[in-house]
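my_file.csv (CSV, C-alpha atoms) appears below.
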chain,number,residue,atom,x,y,z
A,128,MET,CA,21.6,-0.4,7.7
A,129,GLU,CA,22.4,-3.9,6.5
A,130,GLN,CA,22.5,-4.4,2.8
A,131,GLN,CA,20.1,-7.0,1.4
A,132,THR,CA,19.2,-8.7,-1.9
A,133,ILE,CA,15.6,-8.8,-3.0
A,134,ASP,CA,13.6,-9.6,-6.1
A,135,ILE,CA,11.2,-6.6,-6.3
A,136,LEU,CA,11.2,-3.1,-4.9
A,137,ALA,CA,7.9,-1.3,-5.5
A,138,PHE,CA,7.7,2.4,-4.9
A,139,GLY,CA,4.5,4.5,-4.3
A,140,ALA,CA,4.0,8.1,-3.4
A,141,HIS,CA,1.4,7.1,-0.9
A,142,ALA,CA,0.4,3.9,0.8
A,143,ASP,CA,-2.3,2.3,-1.5
A,144,ASP,CA,-0.6,3.4,-4.8
A,145,VAL,CA,1.2,0.2,-5.2
A,146,GLU,CA,-1.9,-1.8,-4.3
A,147,ILE,CA,-4.0,0.0,-6.9
A,148,GLY,CA,-1.5,-0.6,-9.6
A,149,MET,CA,0.0,-4.0,-9.0
A,150,ALA,CA,-1.4,-5.8,-5.8
A,151,GLY,CA,-2.4,-8.8,-7.9
A,152,SER,CA,1.1,-9.2,-9.4
A,153,LEU,CA,2.7,-8.8,-6.0
A,154,ALA,CA,0.4,-11.4,-4.5
A,155,LYS,CA,1.3,-13.8,-7.4
A,156,TRP,CA,5.0,-13.2,-7.1
A,157,SER,CA,4.9,-13.5,-3.3
A,158,ALA,CA,3.2,-16.8,-3.6
A,159,ALA,CA,5.9,-17.9,-6.0
A,160,GLY,CA,8.5,-17.2,-3.3
A,161,LYS,CA,9.8,-13.8,-4.5
A,162,LYS,CA,11.2,-11.4,-1.9
A,163,ILE,CA,9.3,-8.1,-2.1
A,164,VAL,CA,9.7,-4.8,-0.4
A,165,ILE,CA,7.2,-1.9,-0.8
A,166,CYS,CA,8.6,1.7,-0.2
A,167,ASP,CA,6.0,4.5,0.3
A,168,LEU,CA,7.6,7.9,-0.2
A,169,THR,CA,5.2,9.8,2.1
A,170,GLU,CA,2.9,9.3,5.0
A,171,ALA,CA,0.0,10.7,2.9
A,172,GLU,CA,-0.5,13.3,5.7
A,173,LEU,CA,-2.6,15.6,3.4
A,174,SER,CA,-5.1,13.0,2.5
A,175,SER,CA,-8.7,14.2,2.8
A,176,ASN,CA,-9.8,11.2,4.9
A,177,GLY,CA,-8.0,9.3,7.6
A,178,THR,CA,-4.8,10.1,9.5
A,179,VAL,CA,-1.2,9.2,9.3
A,180,MET,CA,-1.7,6.5,12.0
A,181,THR,CA,-4.8,5.0,10.3
A,182,ARG,CA,-3.0,4.9,6.9
A,183,LYS,CA,0.0,3.2,8.5
A,184,ALA,CA,-2.3,0.5,10.0
A,185,GLU,CA,-4.1,0.0,6.7
A,186,ALA,CA,-0.8,-0.3,4.8
A,187,GLU,CA,0.3,-3.0,7.3
A,188,ALA,CA,-2.9,-4.9,6.9
A,189,ALA,CA,-2.8,-4.7,3.1
A,190,SER,CA,0.9,-5.9,3.1
A,191,CYS,CA,-0.1,-8.9,5.2
A,192,ILE,CA,-2.9,-9.8,2.8
A,193,LEU,CA,-0.5,-9.7,-0.1
A,194,GLY,CA,2.3,-11.6,1.7
A,195,ILE,CA,4.8,-8.7,1.5
A,196,ALA,CA,7.8,-9.3,3.7
A,197,GLU,CA,8.7,-5.7,4.4
A,198,ARG,CA,7.3,-2.2,3.9
A,199,ILE,CA,9.1,1.0,4.6
A,200,ASN,CA,8.2,4.7,4.5
A,201,LEU,CA,10.7,7.5,3.6
A,202,HIS,CA,8.7,10.2,5.3
A,203,LEU,CA,9.1,12.6,2.5
A,204,PRO,CA,6.5,15.5,2.5
A,205,ASP,CA,3.1,14.8,0.9
A,206,ARG,CA,2.8,17.2,-2.1
A,207,GLY,CA,6.6,17.8,-1.7
A,208,LEU,CA,7.9,15.1,-4.0
A,209,PHE,CA,10.0,17.5,-6.1
A,210,LEU,CA,13.0,16.6,-8.3
A,211,THR,CA,15.7,17.6,-5.9
A,212,GLU,CA,19.1,16.0,-5.3
A,213,ASP,CA,18.2,15.2,-1.7
A,214,ASN,CA,15.1,13.3,-2.7
A,215,ILE,CA,16.9,11.4,-5.5
A,216,CYS,CA,19.8,10.5,-3.1
A,217,THR,CA,17.3,9.3,-0.5
A,218,ILE,CA,15.6,6.9,-3.0
A,219,ALA,CA,18.9,5.8,-4.5
A,220,ASN,CA,20.1,4.9,-1.0
A,221,VAL,CA,17.1,2.5,-0.6
A,222,ILE,CA,17.8,0.9,-4.0
A,223,ARG,CA,21.4,0.3,-3.0
A,224,LYS,CA,20.4,-1.1,0.4
A,225,TYR,CA,17.9,-3.6,-1.0
A,226,LYS,CA,19.6,-4.5,-4.3
A,227,PRO,CA,16.4,-5.4,-6.1
A,228,THR,CA,16.4,-7.3,-9.4
A,229,LEU,CA,13.3,-5.3,-10.6
A,230,ILE,CA,12.0,-1.9,-9.6
A,231,PHE,CA,8.4,-0.7,-10.0
A,232,ALA,CA,7.0,2.9,-9.8
A,233,PRO,CA,3.8,4.7,-10.9
A,234,TYR,CA,3.3,5.7,-14.5
A,235,GLU,CA,4.2,9.3,-14.9
A,236,GLU,CA,1.0,10.4,-16.6
A,237,ASP,CA,-1.5,10.6,-13.9
A,238,ARG,CA,-4.1,13.1,-12.6
A,239,HIS,CA,-2.3,13.3,-9.2
A,240,PRO,CA,1.0,15.2,-9.6
A,241,ASP,CA,2.6,13.2,-6.7
A,242,HIS,CA,2.3,10.0,-8.7
A,243,GLY,CA,4.1,11.5,-11.7
A,244,ASN,CA,6.7,13.1,-9.5
A,245,CYS,CA,7.3,9.7,-7.8
A,246,ALA,CA,7.8,8.2,-11.2
A,247,ARG,CA,10.4,10.8,-12.2
A,248,LEU,CA,12.2,10.6,-8.8
A,249,VAL,CA,12.5,6.8,-9.0
A,250,GLU,CA,13.7,6.9,-12.6
A,251,GLU,CA,16.5,9.4,-11.6
A,252,ALA,CA,17.4,7.3,-8.5
A,253,PHE,CA,17.3,4.1,-10.5
A,254,PHE,CA,20.0,5.5,-12.8
A,255,SER,CA,22.0,7.2,-10.1
A,256,ALA,CA,22.1,4.1,-7.9
A,257,GLY,CA,24.0,2.3,-10.6
A,258,ILE,CA,26.8,4.9,-10.9
A,259,ARG,CA,29.8,3.8,-8.9
A,260,LYS,CA,31.0,7.3,-8.0
A,261,TYR,CA,27.5,8.5,-6.9
A,262,LYS,CA,27.5,9.0,-3.2
A,263,VAL,CA,24.6,8.2,-0.9
A,264,ASP,CA,24.3,8.6,2.9
A,265,GLY,CA,24.3,4.9,3.6
A,266,GLY,CA,27.6,4.3,2.0
A,267,TYR,CA,26.4,1.3,0.0
A,268,PRO,CA,28.1,0.3,-3.3
A,269,SER,CA,26.4,1.0,-6.6
A,270,HIS,CA,23.6,-1.3,-7.7
A,271,LYS,CA,22.0,-1.5,-11.2
A,272,ALA,CA,18.6,-3.2,-11.1
A,273,LYS,CA,17.7,-5.2,-14.2
A,274,ASN,CA,14.8,-3.0,-15.1
A,275,LEU,CA,12.4,-0.3,-14.0
A,276,TYR,CA,8.7,-0.8,-14.9
A,277,HIS,CA,5.7,1.5,-14.3
A,278,TYR,CA,2.3,0.5,-13.0
A,279,TYR,CA,-1.0,2.4,-13.6
A,280,ILE,CA,-2.9,4.1,-10.8
A,281,ASN,CA,-5.5,6.5,-12.3
A,282,GLY,CA,-6.8,6.3,-15.9
A,283,TYR,CA,-6.4,3.8,-18.6
A,284,THR,CA,-3.3,3.6,-20.8
A,285,HIS,CA,-2.5,0.8,-23.3
A,286,PRO,CA,0.2,-1.3,-21.5
A,287,ASP,CA,3.4,-2.6,-22.9
A,288,PHE,CA,2.8,-5.9,-21.1
A,289,VAL,CA,0.4,-7.4,-18.7
A,290,VAL,CA,0.5,-10.0,-15.9
A,291,ASP,CA,-2.3,-12.6,-15.5
A,292,ILE,CA,-3.7,-12.1,-12.0
A,293,SER,CA,-6.9,-14.1,-12.4
A,294,GLU,CA,-6.2,-16.3,-9.4
A,295,PHE,CA,-5.2,-13.3,-7.3
A,296,ILE,CA,-7.9,-10.7,-8.0
A,297,GLU,CA,-9.7,-11.4,-4.7
A,298,GLN,CA,-6.4,-10.7,-2.8
A,299,LYS,CA,-6.1,-7.5,-4.7
A,300,ILE,CA,-9.6,-6.4,-3.8
A,301,ASN,CA,-9.1,-7.4,-0.2
A,302,ALA,CA,-5.9,-5.4,0.0
A,303,LEU,CA,-7.6,-2.4,-1.4
A,304,GLN,CA,-10.5,-2.8,1.0
A,305,ALA,CA,-8.0,-2.7,3.8
A,306,TYR,CA,-7.8,1.0,3.2
A,307,GLN,CA,-11.2,1.7,4.7
A,308,THR,CA,-10.5,5.4,5.2
A,309,GLN,CA,-9.6,5.9,1.6
A,310,PHE,CA,-12.1,3.9,-0.4
A,311,PHE,CA,-15.1,4.0,2.0
A,312,ARG,CA,-16.7,7.2,3.4
A,313,ASP,CA,-18.0,7.3,6.9
A,314,ASP,CA,-20.2,10.0,8.5
A,315,GLU,CA,-17.1,12.1,9.3
A,316,GLY,CA,-15.4,11.7,6.0
A,317,VAL,CA,-15.7,13.7,2.7
A,318,SER,CA,-16.4,12.5,-0.8
A,319,THR,CA,-13.3,12.1,-3.0
A,320,PRO,CA,-12.6,10.3,-6.3
A,321,LEU,CA,-11.5,7.3,-4.2
A,322,THR,CA,-14.8,6.9,-2.3
A,323,GLU,CA,-17.0,6.9,-5.5
A,324,GLY,CA,-16.7,3.3,-6.7
A,325,TYR,CA,-12.9,3.5,-7.2
A,326,ILE,CA,-12.3,-0.2,-6.4
A,327,GLU,CA,-15.0,-1.2,-8.8
A,328,GLY,CA,-13.3,0.9,-11.5
A,329,VAL,CA,-9.9,-0.6,-10.8
A,330,THR,CA,-11.4,-4.1,-11.0
A,331,ALA,CA,-13.1,-3.3,-14.3
A,332,ARG,CA,-9.8,-2.0,-15.7
A,333,GLU,CA,-8.0,-5.2,-14.8
A,334,ARG,CA,-10.9,-7.2,-16.4
A,335,LEU,CA,-10.4,-5.2,-19.6
A,336,PHE,CA,-6.6,-5.7,-19.5
A,337,GLY,CA,-7.3,-9.4,-19.1
A,338,LYS,CA,-9.8,-9.6,-21.9
A,339,GLU,CA,-7.2,-8.3,-24.3
A,340,VAL,CA,-5.0,-11.3,-23.7
A,341,GLY,CA,-7.7,-13.9,-23.1
A,342,VAL,CA,-7.6,-14.2,-19.3
A,343,SER,CA,-10.1,-13.1,-16.6
A,344,PHE,CA,-8.0,-10.3,-15.0
A,345,ALA,CA,-4.6,-8.8,-15.7
A,346,GLU,CA,-2.5,-5.8,-14.5
A,347,GLY,CA,-0.8,-3.6,-17.0
A,348,PHE,CA,2.7,-2.2,-17.0
A,349,SER,CA,4.8,0.2,-19.0
A,350,SER,CA,8.4,-0.2,-20.0
A,351,ARG,CA,10.8,2.4,-21.5
A,352,THR,CA,12.9,-0.4,-23.0
A,353,PRO,CA,12.0,-3.4,-25.1
A,354,ILE,CA,11.0,-6.6,-23.3
A,355,LEU,CA,13.4,-9.5,-23.8
A,356,LEU,CA,11.3,-12.7,-24.2
A,357,ASN,CA,12.6,-15.9,-22.4
A,358,LYS,CA,10.4,-17.9,-24.8
A,359,ASP,CA,9.9,-17.5,-28.5
A,360,LEU,CA,6.7,-16.2,-30.0
A,361,PHE,CA,5.2,-19.7,-30.2
A,362,GLY,CA,5.7,-20.1,-26.4
A,363,ASP,CA,8.5,-22.6,-26.7
A,364,LYS,CA,11.7,-22.2,-24.6
A,365,LEU,CA,14.6,-20.8,-26.5
Reformat the file's structure so that it appears as structure tokens.
Amino acid sequence: MEQQTIDILAFGAHADDVEIGMAGSLAKWSAAGKKIVICDLTEAELSSNGTVMTRKAEAEAASCILGIAERINLHLPDRGLFLTEDNICTIANVIRKYKPTLIFAPYEEDRHPDHGNCARLVEEAFFSAGIRKYKVDGGYPSHKAKNLYHYYINGYTHPDFVVDISEFIEQKINALQAYQTQFFRDDEGVSTPLTEGYIEGVTARERLFGKEVGVSFAEGFSSRTPILLNKDLFGDKL
């Protein structure tokens, strides 16, 4: 595989995770010309509704709505995202291949264990990818991304920082609505937490995040390290 250089590499356990947590931010950064790749770890083959093929088509549609240049799937087993050396190496290989400036992954505290496991795997791979002597199958040289941030899927956690997505909330909603089998139940489907007003709940969360900083809608993120400001506290350039 040819090595690349991108701005953002966003990981999710399943297609729709990234959209739930940060679709508005991705749409905003894509519109600003940032090169973005989404990496889904699994094909979500155990989802209660839909199939692997329908989820793939939905993911492609959502990516198109957000202006995402590339989306890949690692085909790791759904409900099998365990902290193993093979899984860490596979994800580290992706990080080295794309050489992202920033990496995003789910917040580790989540009702779905796969989301937390994805967070821990990416955190391990983020560190290992930067070690020169750490070997990956692709044979790529080490790469240390600038930072790893976590987005929220389920629940509400006070964020370390937020991104104003007021102008991109409709794109976020449209991207989520692309996942018809997940967020809307047809006659053959079954009820899940996702089919019971989930998109409305996500929208309300982003409105609440926005209210805390004086904008209409915002997406929240967590950081394990302090955020370095490129402007002083008055908003002036340093």
Quiz item: Counting only C-alpha atoms, what is within 8 Å of Glu170 (chain A), bar same-chain residues fewer than 6 positions away, as a PyMOL selection string?
Solution: chain A and resi 141-142+179+182-183+200+202-205
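Distances to Ile133 (chain A) were evaluated for A:Leu210, A:Leu229, A:Met180, A:Ala159 using all atoms listed in the file, and the minimum falls at A:Leu229.
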Quiz item: Quick one: residues within 8 Å of Ala256 (chain A), all atoms listed in the file counted, chain neighbours fewer than 6 positions away excluded, as a PyMOL selection string?
Solution: chain A and resi 219-220+222-223+269-271
Self-check item: Neighbour list for region 291-306 of chain A as a list in words, cut-off 8 Å, only C-alpha atoms, skip fewer than 6 positions in-chain
Solution: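 In the requested format, the answer is Asp143, Glu146, Ile147, Ala150, Gly151, Ser152, Ala154, Lys155, Arg182, Glu185, Ala186, Ala188, Ala189, Ser190, Ile192, Leu193, Ile326, Thr330, Gly337, Val342, Ser343, Phe344, Ala345 and Glu346 of chain A.
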Quiz item: With all atoms listed in the file as the atoms that count, which of A:Val290, A:Tyr225, A:Leu248, A:Asp241 lies nearest to Ala272 (chain A)?
Solution: A:Tyr225
Quiz item: Quick one: distance from CA of Gly207 (chain A) to CA of Lys226 (chain A) in Å, one decimal?
Solution: 25.9 Å
Exercise. Just give me the residues with any atom within 12 Å of (6.1, 12.5, -6.7), file coordinates, counting all atoms listed in the file, written as a PyMOL selection string.
Key: chain A and resi 138-141+144+167-169+171+203-211+214-215+218+232-251
Quiz item: So which one's closest to Leu136 (chain A), A:Thr217, A:Asn274, A:Thr322, A:Thr181? Using all atoms listed in the file, please.
Solution: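 The closest residue to Leu136 (chain A) is A:Asn274.
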Quiz item: Nearest to Asp287 (chain A) among A:Pro353, A:Gly324, A:Gly160, A:Gly265, with distances taken over only C-alpha atoms: which residue is it?
Solution: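 Closest candidate: A:Pro353.
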Quiz item: So what do you get for CA of Ala252 (chain A) versus CA of Leu356 (chain A), distance-wise?
Solution: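 Spanning CA of Ala252 (chain A) to CA of Leu356 (chain A) is a straight-line distance of 26.1 Å.
CA of Val164 (chain A) sits 8.8 Å away from CA of Pro227 (chain A).
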Quiz item: With only C-alpha atoms as the basis for distance, which of A:Arg198, A:Lys358, A:His277, A:Arg351 is at the shortest distance from Lys162 (chain A)?
Solution: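 Of A:Arg198, A:Lys358, A:His277, A:Arg351, the one nearest Lys162 (chain A), counting only C-alpha atoms, is A:Arg198.
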Contact residues around Lys224 (chain A) with all atoms listed in the file at 8 Å, ignoring same-chain residues under 5 positions, as a PDB file with C-alpha atoms, keeping the file's coordinate frame:
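Output (around03.pdb):
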ATOM      1  CA  MET A 128      21.600  -0.400   7.700  1.00  0.00           C
ATOM      2  CA  GLU A 129      22.400  -3.900   6.500  1.00  0.00           C
ATOM      3  CA  GLN A 130      22.500  -4.400   2.800  1.00  0.00           C
ATOM      4  CA  GLN A 131      20.100  -7.000   1.400  1.00  0.00           C
ATOM      5  CA  GLY A 265      24.300   4.900   3.600  1.00  0.00           C
ATOM      6  CA  TYR A 267      26.400   1.300   0.000  1.00  0.00           C
TER       7      TYR A 267
END
Self-check item: Residue nearest Gly282 (chain A) among A:Ile163, A:Ser350, A:Gly148, A:Gly316 (counting all atoms listed in the file)
Solution: A:Gly148
Practice problem: Name the residues, using the chain letters and numbers of the file, that sit within 8 Å of (-5.3, 10.3, -0.6) when counting all atoms listed in the file, and give them as a PyMOL selection string. | Solution: chain A and resi 141+171+173-176+309+321
